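Printed here is data.csv (CSV, C-alpha atoms):
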```csv
chain,number,residue,atom,x,y,z
O,1,MET,CA,0.0,0.0,0.0
O,2,HIS,CA,2.8,2.3,1.0
O,3,TYR,CA,4.4,1.6,-2.4
O,4,ILE,CA,1.2,2.6,-4.2
O,5,PHE,CA,1.1,5.9,-2.4
O,6,GLU,CA,4.7,6.4,-3.3
O,7,ILE,CA,4.2,6.1,-7.1
O,8,LEU,CA,0.7,7.7,-7.3
O,9,PRO,CA,2.0,11.3,-7.7
O,10,SER,CA,4.0,10.4,-10.8
O,11,LEU,CA,1.0,8.4,-12.2
O,12,PHE,CA,-1.3,11.3,-11.5
O,13,SER,CA,1.0,13.7,-13.3
O,14,GLY,CA,1.0,11.2,-16.1
O,15,VAL,CA,-2.8,11.2,-16.1
O,16,LEU,CA,-2.8,15.0,-16.4
O,17,THR,CA,-0.7,14.9,-19.5
O,18,THR,CA,-2.8,12.1,-21.0
O,19,LEU,CA,-6.0,14.2,-20.3
O,20,GLU,CA,-4.4,17.3,-21.7
O,21,ILE,CA,-3.5,15.6,-25.0
O,22,PHE,CA,-7.0,13.9,-25.0
O,23,GLY,CA,-8.9,17.1,-24.3
O,24,LEU,CA,-7.0,19.4,-26.7
O,25,THR,CA,-7.1,16.8,-29.5
O,26,LEU,CA,-10.9,16.5,-29.2
O,27,LEU,CA,-11.3,20.3,-29.1
O,28,ILE,CA,-9.3,20.7,-32.3
O,29,SER,CA,-10.1,17.6,-34.2
O,30,ILE,CA,-14.0,17.6,-33.9
O,31,PRO,CA,-14.5,21.0,-35.5
O,32,LEU,CA,-11.7,20.3,-38.0
O,33,GLY,CA,-13.4,17.0,-38.8
O,34,ILE,CA,-16.7,18.8,-39.4
O,35,LEU,CA,-15.0,21.2,-41.8
O,36,VAL,CA,-13.2,18.5,-43.6
O,37,SER,CA,-16.4,16.5,-44.0
O,38,LEU,CA,-18.1,19.4,-45.6
O,39,ALA,CA,-15.2,19.7,-48.1
O,40,LEU,CA,-15.6,15.9,-48.7
O,41,THR,CA,-19.2,16.3,-49.6
O,42,GLY,CA,-18.4,19.0,-52.2
O,43,LYS,CA,-17.7,18.4,-55.8
O,44,SER,CA,-14.6,20.4,-56.6
O,45,PHE,CA,-10.9,20.0,-56.7
O,46,ILE,CA,-10.8,20.8,-53.0
O,47,LYS,CA,-12.6,17.5,-52.4
O,48,SER,CA,-9.8,15.5,-54.0
O,49,ILE,CA,-7.2,17.3,-51.8
O,50,PHE,CA,-9.1,16.4,-48.7
O,51,GLU,CA,-9.7,12.9,-49.8
O,52,PHE,CA,-5.9,12.6,-50.2
O,53,TYR,CA,-5.4,14.0,-46.7
O,54,VAL,CA,-7.9,11.4,-45.2
O,55,TRP,CA,-6.2,8.6,-47.1
O,56,ILE,CA,-2.8,9.5,-45.8
O,57,MET,CA,-4.0,10.0,-42.2
O,58,ARG,CA,-6.1,6.8,-42.1
O,59,GLY,CA,-3.7,4.8,-44.2
O,60,THR,CA,-0.5,5.2,-42.2
O,61,PRO,CA,0.1,4.4,-38.5
O,62,LEU,CA,-0.5,7.2,-36.0
O,63,LEU,CA,2.9,6.2,-34.5
O,64,LEU,CA,4.6,6.9,-37.8
O,65,GLN,CA,2.9,10.3,-38.1
O,66,LEU,CA,4.1,11.2,-34.6
O,67,ILE,CA,7.6,10.1,-35.4
O,68,PHE,CA,7.5,11.9,-38.8
O,69,ILE,CA,6.4,15.2,-37.2
O,70,PHE,CA,8.7,15.2,-34.2
O,71,TYR,CA,11.8,13.5,-35.5
O,72,GLY,CA,11.4,13.7,-39.3
O,73,LEU,CA,10.3,17.3,-40.0
O,74,PRO,CA,13.3,18.9,-38.2
O,75,ILE,CA,15.5,17.4,-40.9
O,76,ILE,CA,13.9,19.9,-43.3
O,77,GLY,CA,14.0,22.6,-40.7
O,78,ILE,CA,10.5,22.4,-39.3
O,79,VAL,CA,10.8,22.0,-35.6
O,80,PHE,CA,7.9,21.5,-33.1
O,81,PRO,CA,8.3,21.1,-29.3
O,82,ARG,CA,7.3,17.7,-28.1
O,83,PHE,CA,3.8,18.5,-26.8
O,84,GLU,CA,2.9,20.6,-29.9
O,85,ALA,CA,4.2,17.8,-32.2
O,86,ALA,CA,2.0,15.3,-30.4
O,87,LEU,CA,-1.0,17.6,-30.6
O,88,ILE,CA,-0.6,18.2,-34.3
O,89,ALA,CA,-0.2,14.5,-35.1
O,90,PHE,CA,-3.2,13.5,-33.0
O,91,SER,CA,-5.4,16.3,-34.2
O,92,LEU,CA,-4.7,15.7,-37.9
O,93,ASN,CA,-5.1,12.0,-37.5
O,94,TYR,CA,-8.3,12.1,-35.5
O,95,ALA,CA,-9.8,14.9,-37.7
O,96,ALA,CA,-9.5,12.5,-40.6
O,97,TYR,CA,-11.5,9.8,-38.8
O,98,PHE,CA,-14.1,12.3,-37.5
O,99,ALA,CA,-14.4,13.7,-41.1
O,100,GLU,CA,-15.3,10.3,-42.5
O,101,ILE,CA,-17.8,9.8,-39.6
O,102,PHE,CA,-19.4,13.2,-40.2
O,103,ARG,CA,-19.4,12.7,-43.9
O,104,GLY,CA,-21.6,9.6,-43.4
O,105,GLY,CA,-23.8,11.6,-41.0
O,106,PHE,CA,-24.3,14.4,-43.5
O,107,GLN,CA,-25.1,12.0,-46.3
O,108,SER,CA,-27.7,10.3,-44.2
O,109,ILE,CA,-29.7,13.5,-43.8
O,110,PRO,CA,-32.7,13.4,-46.2
O,111,GLN,CA,-32.6,15.8,-49.1
O,112,ASN,CA,-36.0,17.2,-48.0
O,113,GLN,CA,-34.3,18.8,-45.0
O,114,PHE,CA,-32.1,20.9,-47.2
O,115,GLU,CA,-34.9,21.7,-49.6
O,116,SER,CA,-37.4,22.7,-46.9
O,117,ALA,CA,-34.7,25.0,-45.4
O,118,LYS,CA,-34.1,26.5,-48.8
O,119,MET,CA,-37.8,27.1,-49.4
O,120,LEU,CA,-37.9,28.9,-46.0
O,121,ARG,CA,-35.0,31.0,-47.3
O,122,LEU,CA,-32.7,30.0,-44.5
O,123,SER,CA,-29.0,30.7,-45.4
O,124,ASN,CA,-26.6,27.8,-45.7
O,125,TRP,CA,-25.1,28.6,-42.4
O,126,GLN,CA,-28.5,28.8,-40.6
O,127,THR,CA,-29.5,25.5,-42.2
O,128,LEU,CA,-26.3,23.8,-41.0
O,129,ARG,CA,-26.4,25.2,-37.5
O,130,LYS,CA,-30.1,24.9,-36.7
O,131,ILE,CA,-31.2,21.9,-38.8
O,132,ILE,CA,-28.4,19.7,-40.1
O,133,ILE,CA,-25.7,19.7,-37.5
O,134,PRO,CA,-28.0,18.8,-34.6
O,135,GLN,CA,-29.4,15.9,-36.7
O,136,VAL,CA,-25.9,14.8,-37.7
O,137,PHE,CA,-24.7,14.8,-34.1
O,138,LYS,CA,-27.4,12.5,-33.1
O,139,ILE,CA,-26.5,10.1,-35.9
O,140,VAL,CA,-22.8,10.1,-35.4
O,141,LEU,CA,-22.6,10.1,-31.6
O,142,PRO,CA,-22.1,6.3,-31.2
O,143,SER,CA,-19.3,6.3,-33.8
O,144,ILE,CA,-17.7,9.4,-32.3
O,145,GLY,CA,-17.9,7.8,-28.9
O,146,ASN,CA,-15.9,4.8,-30.2
O,147,GLU,CA,-13.2,7.2,-31.5
O,148,VAL,CA,-13.2,9.1,-28.2
O,149,ILE,CA,-12.5,5.9,-26.3
O,150,ASN,CA,-9.8,5.0,-28.8
O,151,LEU,CA,-8.2,8.4,-28.4
O,152,VAL,CA,-7.7,7.9,-24.6
O,153,LYS,CA,-5.7,4.7,-25.3
O,154,ASP,CA,-4.0,6.0,-28.4
O,155,SER,CA,-2.7,9.0,-26.4
O,156,SER,CA,-0.2,6.5,-24.8
O,157,LEU,CA,1.7,6.5,-28.1
O,158,VAL,CA,3.2,9.9,-27.1
O,159,TYR,CA,5.8,7.9,-25.1
O,160,VAL,CA,7.7,7.5,-28.4
O,161,ILE,CA,8.6,11.2,-28.5
O,162,GLY,CA,9.4,11.3,-24.8
O,163,ILE,CA,6.3,12.8,-23.3
O,164,GLY,CA,5.7,11.7,-19.8
O,165,ASP,CA,2.1,10.4,-19.9
O,166,LEU,CA,0.4,7.9,-17.8
O,167,LEU,CA,1.8,4.8,-19.5
O,168,GLN,CA,5.4,6.2,-19.4
O,169,ALA,CA,5.0,7.0,-15.7
O,170,GLY,CA,4.0,3.4,-15.0
O,171,ASN,CA,6.6,2.0,-17.3
O,172,ILE,CA,9.4,3.9,-15.6
O,173,ALA,CA,8.2,2.7,-12.1
O,174,THR,CA,8.0,-0.9,-13.2
O,175,ALA,CA,11.5,-0.8,-14.7
O,176,ARG,CA,13.0,0.9,-11.7
O,177,ASP,CA,11.3,-1.1,-9.0
O,178,VAL,CA,10.9,-4.4,-10.8
O,179,THR,CA,7.2,-4.9,-9.9
O,180,LEU,CA,4.1,-5.3,-12.0
O,181,LEU,CA,2.0,-3.1,-9.7
O,182,PRO,CA,2.6,0.2,-11.5
O,183,LEU,CA,1.5,-1.3,-14.8
O,184,ILE,CA,-1.6,-2.7,-13.2
O,185,LEU,CA,-2.4,0.7,-11.7
O,186,VAL,CA,-1.9,2.2,-15.2
O,187,ALA,CA,-4.5,-0.2,-16.5
O,188,VAL,CA,-6.9,0.7,-13.7
O,189,PHE,CA,-6.4,4.4,-14.5
O,190,TYR,CA,-7.2,3.8,-18.2
O,191,LEU,CA,-10.2,1.7,-17.2
O,192,ILE,CA,-11.6,4.4,-14.9
O,193,LEU,CA,-11.1,7.0,-17.7
O,194,THR,CA,-12.8,5.0,-20.3
O,195,ALA,CA,-15.6,4.0,-18.0
O,196,LEU,CA,-16.2,7.7,-17.2
O,197,LEU,CA,-16.2,8.6,-20.8
O,198,THR,CA,-18.6,5.7,-21.6
O,199,LEU,CA,-20.9,7.1,-19.0
O,200,ILE,CA,-20.8,10.6,-20.3
O,201,LEU,CA,-21.4,9.4,-23.9
O,202,ARG,CA,-24.4,7.4,-22.8
O,203,LYS,CA,-25.8,10.5,-21.0
O,204,LEU,CA,-25.2,12.6,-24.1
O,205,GLU,CA,-26.9,10.0,-26.3
O,206,LYS,CA,-29.9,10.1,-24.0
O,207,ARG,CA,-30.0,13.8,-24.2
O,208,PHE,CA,-30.3,13.6,-27.9
O,209,ASN,CA,-33.2,11.2,-27.6
O,210,TYR,CA,-35.8,13.8,-27.2
O,211,TRP,CA,-36.7,13.5,-30.9
O,212,LYS,CA,-36.6,10.7,-33.4
I,1,MET,CA,-51.4,36.9,-60.8
I,2,PHE,CA,-48.8,34.2,-61.5
I,3,LYS,CA,-47.7,33.4,-65.0
I,4,ILE,CA,-45.3,31.0,-66.8
I,5,GLU,CA,-44.3,31.5,-70.4
I,6,ASN,CA,-42.7,29.0,-72.6
I,7,LEU,CA,-41.1,26.8,-70.0
I,8,ASN,CA,-38.8,24.1,-71.2
I,9,LYS,CA,-37.0,21.5,-69.1
I,10,SER,CA,-35.1,18.4,-70.1
I,11,PHE,CA,-33.1,15.9,-68.2
I,12,GLN,CA,-30.1,14.5,-70.2
I,13,ASN,CA,-31.7,15.2,-73.6
I,14,LYS,CA,-35.1,13.9,-72.6
I,15,GLN,CA,-37.6,16.7,-72.7
I,16,ILE,CA,-39.9,16.7,-69.7
I,17,ILE,CA,-41.7,20.0,-70.1
I,18,LYS,CA,-42.2,21.6,-73.5
I,19,ASN,CA,-43.3,25.2,-74.2
I,20,MET,CA,-45.5,25.2,-71.1
I,21,ASN,CA,-47.7,28.3,-70.5
I,22,LEU,CA,-50.0,28.8,-67.6
I,23,SER,CA,-51.5,31.7,-65.6
I,24,VAL,CA,-53.3,31.8,-62.3
I,25,ASP,CA,-55.0,34.8,-60.7
I,26,SER,CA,-54.4,35.8,-57.1
I,27,ASN,CA,-56.8,34.0,-54.9
I,28,GLU,CA,-57.1,31.3,-57.5
I,29,ILE,CA,-56.3,27.6,-57.0
I,30,LEU,CA,-54.8,25.8,-60.0
I,31,GLY,CA,-54.9,22.0,-59.9
I,32,ILE,CA,-52.0,20.5,-61.9
I,33,VAL,CA,-53.0,16.9,-62.7
I,34,GLY,CA,-51.5,14.1,-64.8
I,35,PRO,CA,-50.2,10.6,-64.6
I,36,SER,CA,-47.0,9.7,-62.8
I,37,GLY,CA,-43.9,10.7,-64.8
I,38,ALA,CA,-45.8,13.5,-66.7
I,39,GLY,CA,-43.5,16.1,-65.1
I,40,LYS,CA,-45.9,17.5,-62.5
I,41,THR,CA,-43.3,17.5,-59.7
I,42,THR,CA,-40.6,18.7,-62.1
I,43,LEU,CA,-42.8,21.6,-63.0
I,44,LEU,CA,-43.3,22.4,-59.3
I,45,ARG,CA,-39.6,22.1,-58.7
I,46,CYS,CA,-38.9,24.5,-61.5
I,47,ILE,CA,-41.4,27.0,-60.2
I,48,THR,CA,-39.9,26.8,-56.7
I,49,GLY,CA,-36.3,27.1,-57.9
I,50,LEU,CA,-35.3,23.7,-56.6
I,51,GLU,CA,-34.7,22.6,-60.2
I,52,SER,CA,-33.1,24.6,-62.9
I,53,PHE,CA,-34.8,24.9,-66.3
I,54,ASP,CA,-33.7,25.3,-69.9
I,55,SER,CA,-35.8,28.3,-70.9
I,56,GLY,CA,-38.9,30.2,-69.9
I,57,ASP,CA,-40.1,33.2,-68.0
I,58,PHE,CA,-41.9,33.5,-64.7
I,59,TYR,CA,-44.1,36.5,-63.6
I,60,ILE,CA,-45.7,37.5,-60.4
I,61,ASP,CA,-48.2,40.4,-60.7
I,62,GLY,CA,-46.7,41.3,-64.1
I,63,LYS,CA,-43.2,41.4,-62.7
I,64,LYS,CA,-40.6,39.0,-64.0
I,65,PHE,CA,-38.9,36.9,-61.3
I,66,ASP,CA,-36.1,34.3,-61.1
I,67,PRO,CA,-37.3,31.3,-59.1
I,68,SER,CA,-33.7,30.5,-58.1
I,69,ASP,CA,-33.2,33.9,-56.5
I,70,SER,CA,-34.3,33.4,-52.9
I,71,SER,CA,-34.0,36.9,-51.8
I,72,GLU,CA,-37.7,37.4,-51.6
I,73,SER,CA,-40.3,35.2,-49.9
I,74,LEU,CA,-42.6,34.8,-53.0
I,75,ILE,CA,-43.1,31.1,-53.1
I,76,GLY,CA,-43.8,28.5,-50.4
I,77,VAL,CA,-43.9,24.8,-50.7
I,78,VAL,CA,-45.7,22.1,-48.8
I,79,PHE,CA,-43.8,19.0,-49.7
I,80,GLN,CA,-45.2,15.5,-50.2
I,81,ASP,CA,-43.3,14.2,-47.2
I,82,TYR,CA,-43.8,17.5,-45.3
I,83,GLY,CA,-40.1,18.1,-44.8
I,84,LEU,CA,-40.6,19.0,-41.1
I,85,PHE,CA,-37.4,19.4,-39.1
I,86,PRO,CA,-37.4,16.4,-36.7
I,87,ASN,CA,-35.1,18.1,-34.2
I,88,LEU,CA,-37.5,21.0,-33.6
I,89,THR,CA,-40.8,21.2,-31.9
I,90,VAL,CA,-43.9,22.2,-33.8
I,91,ILE,CA,-43.7,25.9,-32.7
I,92,ASP,CA,-39.9,26.0,-33.5
I,93,ASN,CA,-40.5,24.5,-36.9
I,94,ILE,CA,-42.9,27.3,-37.6
I,95,THR,CA,-41.1,30.2,-36.0
I,96,LEU,CA,-37.5,29.4,-37.0
I,97,ALA,CA,-37.6,31.1,-40.4
I,98,PRO,CA,-39.7,34.1,-39.4
I,99,GLN,CA,-37.2,34.8,-36.7
I,100,LEU,CA,-34.0,34.2,-38.7
I,101,VAL,CA,-35.1,35.3,-42.1
I,102,LEU,CA,-37.9,37.9,-41.6
I,103,LYS,CA,-36.1,39.1,-38.4
I,104,LYS,CA,-39.2,38.9,-36.3
I,105,SER,CA,-38.8,38.8,-32.5
I,106,LYS,CA,-39.5,35.5,-30.9
I,107,GLU,CA,-42.7,36.9,-29.3
I,108,GLU,CA,-44.0,38.3,-32.5
I,109,ALA,CA,-43.2,35.1,-34.5
I,110,GLU,CA,-44.9,33.0,-31.8
I,111,ASN,CA,-48.0,35.1,-31.6
I,112,GLU,CA,-48.4,35.0,-35.3
I,113,ALA,CA,-47.8,31.3,-35.4
I,114,GLN,CA,-50.3,30.7,-32.6
I,115,LYS,CA,-53.1,32.3,-34.6
I,116,LEU,CA,-52.3,30.1,-37.6
I,117,ILE,CA,-52.0,27.0,-35.2
I,118,ASP,CA,-55.5,27.8,-33.8
I,119,GLN,CA,-56.9,28.3,-37.3
I,120,LEU,CA,-55.6,25.0,-38.5
I,121,ASN,CA,-56.7,23.0,-35.4
I,122,LEU,CA,-53.3,22.3,-34.1
I,123,SER,CA,-53.7,23.9,-30.6
I,124,GLY,CA,-52.0,21.9,-27.9
I,125,LYS,CA,-49.4,20.4,-30.3
I,126,GLU,CA,-47.0,23.3,-30.1
I,127,SER,CA,-44.4,21.6,-28.0
I,128,LEU,CA,-44.6,18.2,-29.6
I,129,TYR,CA,-41.9,16.9,-32.0
I,130,PRO,CA,-42.9,15.8,-35.6
I,131,TYR,CA,-42.5,12.1,-34.7
I,132,GLN,CA,-45.3,12.6,-32.2
I,133,LEU,CA,-47.8,13.8,-34.8
I,134,SER,CA,-50.1,12.0,-37.2
I,135,GLY,CA,-49.7,12.4,-41.0
I,136,GLY,CA,-52.5,14.9,-41.2
I,137,GLN,CA,-51.1,16.9,-38.3
I,138,LYS,CA,-47.7,17.0,-39.9
I,139,GLN,CA,-49.1,18.3,-43.1
I,140,ARG,CA,-51.0,21.1,-41.3
I,141,VAL,CA,-47.8,22.0,-39.5
I,142,ALA,CA,-46.1,22.2,-42.9
I,143,ILE,CA,-48.9,24.4,-44.2
I,144,VAL,CA,-48.6,26.7,-41.1
I,145,ARG,CA,-44.9,26.8,-41.5
I,146,THR,CA,-45.2,27.9,-45.1
I,147,LEU,CA,-47.9,30.5,-44.3
I,148,ALA,CA,-45.8,32.0,-41.6
I,149,MET,CA,-43.4,33.2,-44.3
I,150,HIS,CA,-46.2,35.2,-46.1
I,151,PRO,CA,-45.7,33.8,-49.5
I,152,LYS,CA,-47.6,35.1,-52.5
I,153,ILE,CA,-47.8,31.6,-53.9
I,154,ILE,CA,-48.1,28.2,-52.2
I,155,CYS,CA,-47.3,25.0,-54.0
I,156,TYR,CA,-48.5,21.7,-52.7
I,157,ASP,CA,-46.8,18.5,-54.0
I,158,GLU,CA,-49.3,15.6,-53.8
I,159,PRO,CA,-50.9,16.9,-50.6
I,160,THR,CA,-53.2,13.9,-50.3
I,161,SER,CA,-50.9,11.0,-51.2
I,162,ALA,CA,-50.5,9.9,-47.6
I,163,LEU,CA,-53.9,10.8,-46.3
I,164,ASP,CA,-57.2,8.8,-46.0
I,165,PRO,CA,-60.3,10.2,-47.7
I,166,LYS,CA,-61.5,12.1,-44.6
I,167,LEU,CA,-58.2,13.8,-44.1
I,168,SER,CA,-58.0,14.6,-47.8
I,169,LYS,CA,-61.2,16.4,-47.6
I,170,GLU,CA,-60.0,18.3,-44.5
I,171,VAL,CA,-56.8,19.4,-46.4
I,172,GLY,CA,-59.0,20.4,-49.3
I,173,ASN,CA,-61.0,22.6,-47.0
I,174,ILE,CA,-57.9,24.2,-45.6
I,175,ILE,CA,-56.7,25.0,-49.1
I,176,LEU,CA,-60.1,26.5,-50.0
I,177,ASN,CA,-60.1,28.6,-46.8
I,178,LEU,CA,-56.7,30.0,-47.7
I,179,LYS,CA,-58.2,31.7,-50.7
I,180,SER,CA,-59.3,34.5,-48.5
I,181,LYS,CA,-55.7,35.3,-47.7
I,182,ASN,CA,-55.0,36.5,-51.2
I,183,ILE,CA,-52.7,33.7,-51.9
I,184,THR,CA,-52.3,31.9,-55.3
I,185,GLN,CA,-52.2,28.2,-54.8
I,186,LEU,CA,-50.9,25.5,-57.1
I,187,VAL,CA,-51.9,21.9,-56.2
I,188,VAL,CA,-49.9,19.1,-57.9
I,189,THR,CA,-51.9,15.9,-57.6
I,190,HIS,CA,-52.6,12.7,-59.4
I,191,ASP,CA,-56.0,12.6,-57.6
I,192,ILE,CA,-58.4,14.1,-60.1
I,193,GLN,CA,-61.3,14.0,-57.6
I,194,PHE,CA,-59.3,16.0,-55.2
I,195,ALA,CA,-58.2,18.4,-57.9
I,196,ASN,CA,-61.9,18.9,-58.8
I,197,GLN,CA,-62.8,19.5,-55.2
I,198,VAL,CA,-60.3,22.4,-54.6
I,199,SER,CA,-59.3,23.9,-58.0
I,200,ASP,CA,-60.8,26.9,-59.8
I,201,LYS,CA,-59.1,25.6,-62.9
I,202,ILE,CA,-57.1,22.6,-63.9
I,203,LYS,CA,-53.9,22.2,-65.9
I,204,GLU,CA,-53.4,18.8,-67.3
I,205,VAL,CA,-49.8,17.7,-67.8
I,206,LYS,CA,-49.2,14.8,-70.2
I,207,PRO,CA,-46.0,12.8,-70.7
I,208,ILE,CA,-44.2,14.0,-73.8
```

Starting from the file, give its structure as structure tokens.
Amino acid sequence: MHYIFEILPSLFSGVLTTLEIFGLTLLISIPLGILVSLALTGKSFIKSIFEFYVWIMRGTPLLLQLIFIFYGLPIIGIVFPRFEAALIAFSLNYAAYFAEIFRGGFQSIPQNQFESAKMLRLSNWQTLRKIIIPQVFKIVLPSIGNEVINLVKDSSLVYVIGIGDLLQAGNIATARDVTLLPLILVAVFYLILTALLTLILRKLEKRFNYWK
Amino acid sequence: MFKIENLNKSFQNKQIIKNMNLSVDSNEILGIVGPSGAGKTTLLRCITGLESFDSGDFYIDGKKFDPSDSSESLIGVVFQDYGLFPNLTVIDNITLAPQLVLKKSKEEAENEAQKLIDQLNLSGKESLYPYQLSGGQKQRVAIVRTLAMHPKIICYDEPTSALDPKLSKEVGNIILNLKSKNITQLVVTHDIQFANQVSDKIKEVKPI
């Protein structure tokens, strides 16, 4: 027990880093994903550019993207601090997944919603904000929830660029003290985080249940 | 007075509407009838600007207008499937556009909506969502929503297709009552009997 209290502070500081990456990534990648999904439903040259972006982001490992941004880009003179590099890699990667989810959501909105809004002379922005996005959110929430849970676990990949997250804190303690306990504690932390998120997502889904 | 001159519309070289002319007076109800595939709905979509057309001129009260230009609230549509917004209550479905587009205050929009709601027998349904309404109620909400924008012309696309005979008659009466509001109404239907019930005149559309 004494040992647990001894390593808890370092684990907590790791949790904070994990949560920071998690929260900021969501904050950036969800709006970015919505914008990209709108570009993906268009018909122009821009659409192909964003399709290419989604292909790259979903077609290569997130780990590679992290390494590329932090260790690779400095070779051509583009240097990001560790945390910013992680944030860029995660946001770009997750925005691509969110974009595909939102694209599916937008496409499942019946055409009559757009036409009704047009006949009522709502602007495109008003239509999106008041009619389409609330409906899309309800449709995509379960898929977004999956990605959100994935993101908590994926955030552990930042160890590769030397950021002290939860996993790294546990890993260091295990290597130093030759005991499994820190790793088990790390697992417990992740389980608590994902359980909390699952609960929040369920609540959110329920809140959107007021209409069908 | 609403007038169309020499309207032509084709889809991939197949002519759907050929040199169509029609005119309807204010207060008048025009029934547009014809078999499926005759181009009735396409005609309605051209009038409302939801579909482009190859050539033709549109006039309201002698003034030429472009259906695709949505800067003025000239034409309203009651869609076949009503097109209500499922995420909004009845009252919000009706007052959203008057507030956002006509810049009415919430109170003003709701007061006006309430009058129409009472007229069309929807009292008590204000805070319900569309999924909680019957087909006939949904349609009346769609009509109120269109009326709240004060259009000069209202188009109905197959207004009775999903209704039983009793409700069809009710919708017919609503349409007839709206004549007093100085609105031109175009009713697209394959139901000749219904067209005869409501229309002052009938335009028959035939497949080309």

Taking all atoms listed in the file into account, which of O:Ile109, O:Ile75, O:Leu196, O:Leu180 comes nearest Gly83 (chain I)? O:Ile109

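In plain terms, chain I touches chain O through Ser70, Gly76, Val77, Gly83, Phe85, Pro86, Asn87, Ala97, Val101, Tyr129 and Tyr131 of chain I, where touching means an atom at most 7 Å away, counting only C-alpha atoms.
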
Just to confirm, what's the straight-line distance from CA of Ile29 (chain I) to CA of Gln185 (chain I) in Å (one decimal)? 4.7 Å

Go through I:Leu186, I:Leu122, I:Ile91, I:Ile32 one by one, measure the shortest atom-to-atom distance of each to Tyr156 (chain I) using all atoms listed in the file, and give the residue with the smallest value.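 So, comparing all the options, the nearest one is I:Leu186.
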
Residues within 12 Å of Val187 (chain I), please, as a ChimeraX atom specification. Count all atoms listed in the file; anything in the same chain fewer than 3 positions from it doesn't count. /I:24,28-34,40-41,43-44,76-80,153-160,171-172,175-176,184,190-192,194-204

So how far away is CA of Leu74 (chain I) from CA of Asp118 (chain I), in Å? 24.2 Å

If we count all atoms listed in the file, what is near Phe70 (chain O) at a cut-off of 8 Å, once residues fewer than 2 positions away on the same chain are taken out, given as a list of chain:residue names? O:Leu66, O:Ile67, O:Phe68, O:Gly72, O:Leu73, O:Pro74, O:Val79, O:Phe80, O:Pro81, O:Arg82, O:Ala85, O:Ala86, O:Ile161

Just to confirm, what's the straight-line distance from CA of Arg58 (chain O) to CA of Arg129 (chain O) in Å (one decimal)?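 Going from CA of Arg58 (chain O) over to CA of Arg129 (chain O) covers 27.8 Å.
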
Counting all atoms listed in the file, note down every residue that has an atom within 12 Å of the point (-3.0, 19.5, -37.4) (file coordinates), as a ChimeraX atom specification. /O:24-33,36,53,57,65-66,69,80,84-96

Compile the contact shell of Ala39 (chain O) as a PyMOL selection string: residues with an atom at most 10 Å away, counting only C-alpha atoms, same-chain residues fewer than 2 positions apart removed. chain O and resi 33-37+41-51+99+103
